[in-house]
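Trainee: Can you read through this structure? Questions will come right after.
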Amino acid sequence: MSLRFGMGRESIIPPMKMGLAGYFNTRIWTDVLDPIEVRCAVIKSNCRTVVTVQFELITVTAELQSAIRKVCDKHLANYTLLATATHCHTAPELRIGRGGYDGNYVPFAAGAFEKALLQALETVAECHSIKSGQAFNMDHCFNRRFWMKDGTVVTNPAKCSPDIVRPEGEIDPEIPLVLLENANGKLLFASISNHADTTGGSEISGDWPARACHEAEKALGKNAMCIPLIGCSGNINHFDINDPGEQASPEEAERIGSGYAKSIIKGLQTLSDEPLEFTAASIKFHVGSRELFPEELAEAQEILKKYPPEDTANSSAALTARDFAEKSPKVLRYFAENLIKIAEAKKEFDFEVSAFTLGNTLIIGLPAEPFVEIGLEIRKEIFADASQVLCSIMNNGSGSGYIPNLWNYRRGGYENTPRSNPFSIHTASVLKDICKDIKELLKK
């Protein structure tokens, strides 16, 4: 069997002034701190083709997903698509209805993808080797949900607070790796479970994933491409609750990115050969709208009465999840308004899981933002027989939104509120069942 691959990349710095994604208020970008790009890898074997595309954006919306597919349909006859984002919070806002959104950006980003895809197709060459292994880093990932002394769970509580008891859940410090090499260069996939929300401010930046990517590429040598897949990290971030210092700055992004790069480079020294085998599969499915608990609706109605619009309209500071933990009136009203909208507009969500194997290594794209425990179960239990399992937030048309575990609900925190999680509370269970079906398809 002949296994071939090619790579391409293109800038996605917006040609227009528009908002940056990630927070609850509008931030119009003012400058470019560091470039952002789209990366594309095409892997081919006989009549099977996989296109992996990663944008340094917060998500891949339904509109961008549709535009990507039209580009692929134009140039490819039969393919499996894994479209992902680094979940960067200092990149253009491409979600309709969000502050700073510009409808011209999606066709611009799709055009950049087409250029990257054509580069990848032009550089397709026979794969000489597949190697896989694992890196490890415990320094930068923390579960961001904490049990408090009052028996509730809070996302991002005040640092060093005496009311903190313990983290609610786990972390995943493993960084699975798979490296392909051909005459044109090297292609590295690395899966890191953490949030790309470190830089802050109003400048465009690829945050720590971009830093980790570029430093790993330097270590790999000329014509290398690293795709830093963001694993299941819906309840994970970089905040060390025991560190009283501020941890949101370009310097912090550089520190974390460099730290992950060093771990990846160390992991590259221990890779093992994989057979030159390749399979792919995908499954589309639907999940329903978020079920509302009676107390949630009652609380939202009470908040709307307590904080009228005129009392919350004057705040212009950047609002984040930490403001939710501190019960900022503006953020509380924002979440309450969104809960009422969701209660009035029931809908279904289109999801897809795409996966491919390289030797005994599996790369799987999962929708939305699953919590870390979901990723661990998929990697360690469902696909326990694989040498490595690399998970990625795929965002395939579902856009952004968290997928908590069923036991996370009714405890507190903002990830399981209807605004942040518009999907059914049973989505995690459905997703794991789909992964089991994917496993069976990959065997055929």
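Convention: chains lettered A, B, ... in structure tokens order; per-chain residue numbering from 1; ligands numbered from 1 as shown.
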What's around region 185-197 of chain A at 6 Å? Count only C-alpha atoms, leave out sequence neighbours fewer than 5 positions away in its own chain, and write the answer as a PyMOL selection string.
Mentor: chain A and resi 87-89+141+175-180+223-233+236-237+390
Trainee: Leaving out region 96-103 of chain A and any residue of its chain fewer than 3 positions from it, which residues lie within 9 Å of it when counting only C-alpha atoms, given as a ChimeraX atom specification?
Mentor: /A:16-21,24-28,61,92-93,106-107
Trainee: Using DSSP secondary structure from the backbone, list all strand (DSSP E or B) positions within region 158-315 of chain A, as a PyMOL selection string.
Mentor: chain A and resi 164-167+174-182+185-192+203-204+224-230+236-237+272-274+278-287+289
Trainee: Of the residues A:Val287, A:Cys160, A:Leu362, A:Ala219, which is the one nearest to Asp350 (chain A), using only C-alpha atoms?
Mentor: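 That would be A:Val287, the residue with the smallest distance to Asp350 (chain A).
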Trainee: Can you pull out the residues contacting Pro162 (chain A)? Cut-off 12 Å, using only C-alpha atoms, and skip same-chain residues under 5 positions away; I want them as a short mmCIF file (atom, residue, chain, number, x, y, z; two decimals) with C-alpha atoms, in the first residue's frame.
Mentor:
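Output saved as around24.cif:
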```
data_model
loop_
_atom_site.label_atom_id
_atom_site.label_comp_id
_atom_site.auth_asym_id
_atom_site.auth_seq_id
_atom_site.Cartn_x
_atom_site.Cartn_y
_atom_site.Cartn_z
CA PHE A 146 -13.31 23.77 42.11
CA TRP A 147 -15.40 22.51 45.00
CA MET A 148 -15.94 25.33 47.48
CA LYS A 149 -16.63 25.16 51.20
CA ASP A 150 -20.31 25.99 50.62
CA PRO A 157 -12.53 31.13 41.68
CA ILE A 241 -4.96 28.58 41.63
CA ASN A 242 -2.05 28.64 44.11
#
```
Trainee: I need the residue nearest Gly201 (chain A) from this list: A:Asn184, A:Thr30, A:Thr361, A:Thr427. Use only C-alpha atoms for the distance.
Mentor: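 Checking each candidate against Gly201 (chain A), we get A:Thr30 as the closest.
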Trainee: Can you pull out every residue within 9 Å of Phe239 (chain A), counting only C-alpha atoms, but drop anything in the same chain fewer than 3 positions away, and send it as JSON, numbers by chain?
Mentor: {"A": [140, 141, 142, 143, 144, 156, 159, 236, 242, 243, 246, 247, 248]}
Trainee: Which of these, A:Gly169, A:Gly234, A:Pro35, A:Pro250, has the shortest distance to Thr199 (chain A) once you count only C-alpha atoms?
Mentor: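 So, comparing all the options, the nearest one is A:Pro250.
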